[in-house]
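Heads up: the structure comes next, in C-alpha cells.
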2 protein chains.
Amino acid sequence: MVDVARRAGVAPITVSRALADPAWVSGSTLASIRRAVAETGYVRHAVAGSLASKTTRCIGTVVPVLSNSIFADTLQGLSEVLEVKGYRLLIASSQYNPLREQRIVEAFVEQRVDGIALTGTTHTERVRAMLTRAGIPVVEMWNLPTHPFDCAVGFSNFSAARTMVRHLVSRGYGRIAYIGGPTYKNDRTQARERGYRAGLSEAGLPTAEACIRRTPFEFENGAVALSDLLAHDSSIDAVFAASDVLAVGALLYCLRRGWPVPGKVALAGLDGSPIGTLITPELTSIRFPRRQIGARAAQLLLDRIGGRAAGAMEDLGFELVAGGSA
Amino acid sequence: MVDVARRAGVAPITVSRALADPAWVSGSTLASIRRAVAETGYVRHAVAGSLASKTTRCIGTVVPVLSNSIFADTLQGLSEVLEVKGYRLLIASSQYNPLREQRIVEAFVEQRVDGIALTGTTHTERVRAMLTRAGIPVVEMWNLPTHPFDCAVGFSNFSAARTMVRHLVSRGYGRIAYIGGPTYKNDRTQARERGYRAGLSEAGLPTAEACIRRTPFEFENGAVALSDLLAHDSSIDAVFAASDVLAVGALLYCLRRGWPVPGKVALAGLDGSPIGTLITPELTSIRFPRRQIGARAAQLLLDRIGGRAAGAMEDLGFELVAGGSA
DNA sequence: TTGAAAGCGCTAACAG
DNA sequence: CTGTTAGCGCTTTCAA
C-alpha cells in the first residue's frame with residue numbers, strides 16, 4: 001500500500017480510503033490510485049485490515065452436513081443476502097456432532113467473525129459461554145429455541161410432524177409407523193418425534209416403540225427401516241418418515257418390490273424436496289421455506305451488527321403438500 | 001495475551017508458544033498458562049497471528065454449487081484431510097460463472113489463504129494472473145487441464161462420456177440422444193459433449209444437433225428435455241444424460257407416464273449418484289471417486305505448501321455401472 | 001526453556 | 001478532500 005501511495009503521489013491512508021469506498025476521494029486521486037494499483041498488481045491485505053479495523057466482514061455458519069440439499073438452500077439464502085452487503089460467508093459442517101460444532105465455533109471466534117449462524121438449538125455449554133462472552137451476534141436456524149441465545153429463525157418441527165400425523169389420521173390411517181433421524185443431541189429430530197407421538201395420542205392411537213426407527217438421513221436407510229418395520233408388524237398401514245430422504249428411500253424400495261403405494265403401505269415425508277414431487281406416486285410431504293430461513297437469518301445478523309435490538313424470533317411456518325403416496 | 005502472560009508470570013511470547021505447541025514450554029509453565037487462559041476466558045486472536053506469521057492456515061475452495069451433492073462429497077474429502085493438518089477450508093460457490101469465481105478468488109487472495117482448490121479448468125485471465133503472481137498453490141479438480149495452472153486431480157470427462165456411448169452402442173442402441181449441461185464456459189460439460197460425439201462418430205453413427213439438449217442440472221429439466229427430444233424424434237431409442245440429476249429426472253418422467261425403461265427408451269446417466277442405484281430400473285451410470293478427488297486435492301495442496309514440487313496431475317479414473325435402464 | 005525488541009500491513013482518530 | 005500519528009495483537013528473530 002505504501003508503494004501504491006508513493007506511485008500515486010498520496011499518503012497510504014488515501015489509498016486505503018479509495019479502496020474501501022471510491023466516493024471518499026476525489027476523482028483525479030482515485031484515477032491515479034487505480035492506475036498505481038493496476039501497475040503494481042497490488043492486492044489489499046485483508047488480514048491487516050481486519051486487525052486494524054476490528055471487523056472482518058465475515059459471518060460463520062455451521063450446518064450439519066453439506067450433502068443434504070436442504071441445507072444447501074439455506075446456505076444459498078444466507079450468502080445471497082450477505083454478499084450484497086459485502087460480507088463473506090464461512091461454511092463449516094458439524095456432522096450432527098455438538099463437539100465438532102464447538103470446535104468450529106472456537107475457530108470462528110478466533111477468526112473474529114462478525115456474526116454466527118447455527119443450525120438448530122442444541123449446543124454445548126462451552127459454545128453458549130464463548131459466544132455470550134465474545135458478544136458475537138448469533139442466529140439459530142431451522143427450529144425455534146425455548147432458550148434462545150439471541151435471534152432465531154425457523155419453524156416448529158414439532159407442529160410440522162404433528163400436522164402430518166393429523167393428515168394421515170384424517171385420511172383414515174390407523175397404524176402409523178415412524179422413521180426418524182437419530183435423536184441424540186438433535187433438537188429437530190427430537191421435536192419431530194415428539195410431534196409424531198403427540199399426533200397419535202391426540203387421535204387416541206397408541207404409540208409403540210416397535211413402530212419407530214431412527215436412522216441417519218440416507219436414501220437407503222429409509223428402505224432398510226421400512227422393510228424392517230413391515231417385517232415386524234404387517235398391520236402397519238402408513239409410514240411417516242421425518243425426512244424426505246428417508247421417505248424417498250422407502251418409496252423407491254416399495255417400487256423395487258412392486259408394492260403399490262399407498263395400497264401396500266402409505267408413505268409421507270417431511271422437507272418438501274424437489275424429487276418428492278417428481279416421483280410416482282407423488283410424495284406427501286411438508287415444505288419449508290429453506291432458502292428464506294437463510295435469507296432471514298442473514299438479515300437478522302446484519303441488523304444486530306448494525307446495532308439493532310437482539311432477541312428477534314421468526315417463525316417462517318410450513319405447508320403440507322398432499323401427494324398420492326398417502 | 002498480555003493479561004494471560006501477566007497472570008501466568010511469563011512473557012507474552014511464552015503464551016504464544018504454549019498455545020501454538022504445548023511441547024515448546026515446560027510442564028509447569030504450560031499448566032500456569034492453561035490456568036490463566038481458563039480464568040480469563042482468553043481466545044487467541046487468529047487475525048493478529050496471521051498478520052505476524054504470514055500464514056493463515058486457510059485453504060479456499062470454489063465449487064459451482066452446493067445444492068448438487070456430487071460436490072458435497074468432494075468438499076468432505078477436502079475438509080477431512082485438511083482438518084487433520086490443522087487447516088481450515090473456506091467454501092464458496094461460483095454458480096457456474098467464471099466472473100463470480102474471479103470475485104471469490106480475489107477475496108481469497110486478499111484473505112491470504114495458503115492454497116486454493118478450484119473446480120474445473122475454465123478460469124478468467126485475471127484469475128490465472130492473480131494466482132500466478134501471488135504464488136499461491138492451486139489445484140484444479142474434476143477435470144484434467146490441458147494447460148494446468150499448477151496441480152490437478154480428476155478424470156477425463158471426455159473419456160467417461162465416450163465410454164458410456166460405447167456401452168450403449170454395444171447394447172445395440174443406434175439412435176442415441178444426449179442431454180447435457182450448459183456448455184458455456186464449462187470445461188466438464190464441454191468435454192462430456194465431445195465424448196458423446198466422439199463415441200457416436202467412431203461407431204459410424206451420425207450426430208444430429210436435434211438430438212442434443214443442454215439444460216441446467218435440475219431433476220425436472222431432465223424430464224423436460226426427454227419429453228422434448230421424444231416429441232421431435234420418435235426414433236430415438238436411447239438417451240444419454242451427462243449427469244445423474246438429469247437422467248433421474250428423465251427416468252422419473254418415464255415412470256410417471258407409465259413408459260417402460262428401456263422398453264420405450266433406454267436411459268443412461270453420469271455421476272454415480274446413490275439414488276441411481278435405488279431407482280427401478282437401476283440407472284446405468286458412471287461412477288467417480290468424488291470424495292477421493294477432494295482428499296487428493298487437499299494432499300497436493302499440503303505438499304505444495306510444504307515445499308514439494310508443483311505440477312502434479314492425477315487421473316483418478318471412473319467406472320461404468322451397468323444398470324437395468326439401458 | 002524463556003525473554004526483549006521489532007515489526008506484520010493496515011485503519012481509527014484527529015487535524016488541517 | 002487529504003495527511004499525521006499511533007496503534008490493532010500477535011510472532012519472528014536473536015539473545016540469554
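Naming scheme: A, B, ... for chains in displayed order of the C-alpha cells; residues 1 onward per chain; ligands 1 onward as shown.
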Using only C-alpha atoms (C1' of nucleotides), which residues sit within 10 Å of C:DT2 once same-chain residues fewer than 6 positions away are excluded, as a count of residues only?
-> 7
Output the contact residues of chain C with respect to chain A at a cut-off of 8 Å, based on only C-alpha atoms (C1' of nucleotides), as a list in words.
-> DC8, DG9, DC10, DT11 and DA12 of chain C
Could you give me, as a tab-separated table, a per-residue list for chain D showing, wherever an atom lies at most 7 Å from an atom of chain A, the closest pair of atoms and their distance in Å to one decimal, using only C-alpha atoms (C1' of nucleotides) and sorting by chain then residue number from low to high?
```
residue	atom	partner	partner_atom	distance
D:DC1	C1'	A:Val25	CA	6.4
D:DT2	C1'	A:Thr14	CA	6.9
D:DG3	C1'	A:Ala11	CA	6.6
D:DC8	C1'	A:Ala52	CA	4.6
```
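What separates atom CA of B:Gly204 from atom CA of B:Pro260 is a distance of 27.7 Å.
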From a DSSP calculation on the backbone, collect every residue of stretch 40-213 of chain B in strand (DSSP E) and output the set as a ChimeraX atom specification.
-> /B:58-63,88-93,115-119,138-141,151-154,176-180,212-213
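Around A:Phe158, within 10 Å and counting only C-alpha atoms (C1' of nucleotides), the residues found are Asn143, Leu144, Arg162, Thr163, Asp187, Arg188, Thr189, Gln190, Ala191, Arg192, Glu193, Arg194, Gly195, Tyr196, Arg197, Ala198 and Gly199 of chain A, once anything fewer than 4 positions away on its own chain is removed.
You can rank B:Ile212, B:Ala238, B:Ala203, B:Leu255 by their closest distance to chain A using only C-alpha atoms, and at the top of that list sits B:Leu255.
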Which residues, written as an MDAnalysis selection string, have at least one atom at most 9 Å from B:Leu270, with only C-alpha atoms (C1' of nucleotides) counted and residues fewer than 3 positions away on the same chain left out?
-> chainID B and resid 160:161 164 240:245 247 273 284:288 320
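Close contacts of B:Leu283, defined as residues with an atom at most 8 Å away when counting only C-alpha atoms (C1' of nucleotides), with chain neighbours fewer than 5 positions off set aside, comprise Ala247, Val248, Leu267, Ala268, Gly269, Gly276, Thr277, Ala322, Gly323, Gly324, Ser325 and Ala326 of chain B.
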Can I get the selection written as a PDB file, in the first residue's frame, with N, CA and C atoms?
```pdb
ATOM      1  N   ALA B 247     -30.572 -37.491 -15.663  1.00  0.00           N
ATOM      2  CA  ALA B 247     -31.001 -38.849 -16.010  1.00  0.00           C
ATOM      3  C   ALA B 247     -32.121 -39.323 -15.091  1.00  0.00           C
ATOM      4  N   VAL B 248     -31.982 -39.052 -13.806  1.00  0.00           N
ATOM      5  CA  VAL B 248     -33.029 -39.468 -12.858  1.00  0.00           C
ATOM      6  C   VAL B 248     -34.316 -38.698 -13.143  1.00  0.00           C
ATOM      7  N   LEU B 267     -32.121 -45.335 -20.892  1.00  0.00           N
ATOM      8  CA  LEU B 267     -31.566 -44.132 -20.265  1.00  0.00           C
ATOM      9  C   LEU B 267     -30.227 -44.444 -19.615  1.00  0.00           C
ATOM     10  N   ALA B 268     -29.318 -43.490 -19.703  1.00  0.00           N
ATOM     11  CA  ALA B 268     -28.040 -43.632 -19.009  1.00  0.00           C
ATOM     12  C   ALA B 268     -27.643 -42.281 -18.442  1.00  0.00           C
ATOM     13  N   GLY B 269     -26.933 -42.330 -17.339  1.00  0.00           N
ATOM     14  CA  GLY B 269     -26.500 -41.095 -16.694  1.00  0.00           C
ATOM     15  C   GLY B 269     -24.989 -41.038 -16.554  1.00  0.00           C
ATOM     16  N   GLY B 276     -29.430 -43.319  -8.058  1.00  0.00           N
ATOM     17  CA  GLY B 276     -29.479 -44.081  -9.307  1.00  0.00           C
ATOM     18  C   GLY B 276     -29.519 -45.587  -9.088  1.00  0.00           C
ATOM     19  N   THR B 277     -28.912 -46.034  -7.998  1.00  0.00           N
ATOM     20  CA  THR B 277     -28.867 -47.473  -7.742  1.00  0.00           C
ATOM     21  C   THR B 277     -30.115 -47.949  -6.997  1.00  0.00           C
ATOM     22  N   ALA B 322     -23.303 -50.709 -14.999  1.00  0.00           N
ATOM     23  CA  ALA B 322     -24.403 -51.071 -15.895  1.00  0.00           C
ATOM     24  C   ALA B 322     -25.645 -51.409 -15.084  1.00  0.00           C
ATOM     25  N   GLY B 323     -26.713 -50.660 -15.280  1.00  0.00           N
ATOM     26  CA  GLY B 323     -27.970 -50.932 -14.583  1.00  0.00           C
ATOM     27  C   GLY B 323     -29.003 -51.458 -15.553  1.00  0.00           C
ATOM     28  N   GLY B 324     -30.231 -51.557 -15.113  1.00  0.00           N
ATOM     29  CA  GLY B 324     -31.276 -52.085 -15.982  1.00  0.00           C
ATOM     30  C   GLY B 324     -31.895 -51.041 -16.897  1.00  0.00           C
ATOM     31  N   SER B 325     -31.487 -49.777 -16.744  1.00  0.00           N
ATOM     32  CA  SER B 325     -32.144 -48.710 -17.505  1.00  0.00           C
ATOM     33  C   SER B 325     -31.688 -48.657 -18.963  1.00  0.00           C
ATOM     34  N   ALA B 326     -30.640 -49.448 -19.272  1.00  0.00           N
ATOM     35  CA  ALA B 326     -30.160 -49.464 -20.664  1.00  0.00           C
ATOM     36  C   ALA B 326     -29.602 -50.842 -20.997  1.00  0.00           C
TER      37      ALA B 326
END
```
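Coordinates place atom CA of B:Met313 at a distance of 23.5 Å from atom CA of B:Arg88.
Of the listed residues (A:Gln111, A:Thr56, A:Thr146, A:Ser94), A:Gln111 comes nearest to chain B; the distances count only C-alpha atoms.
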Out of B:Ala38, B:Ile91, B:Val63, B:Ile104, which residue has the shortest atom-to-atom distance to chain A when counting only C-alpha atoms?
-> B:Ile91
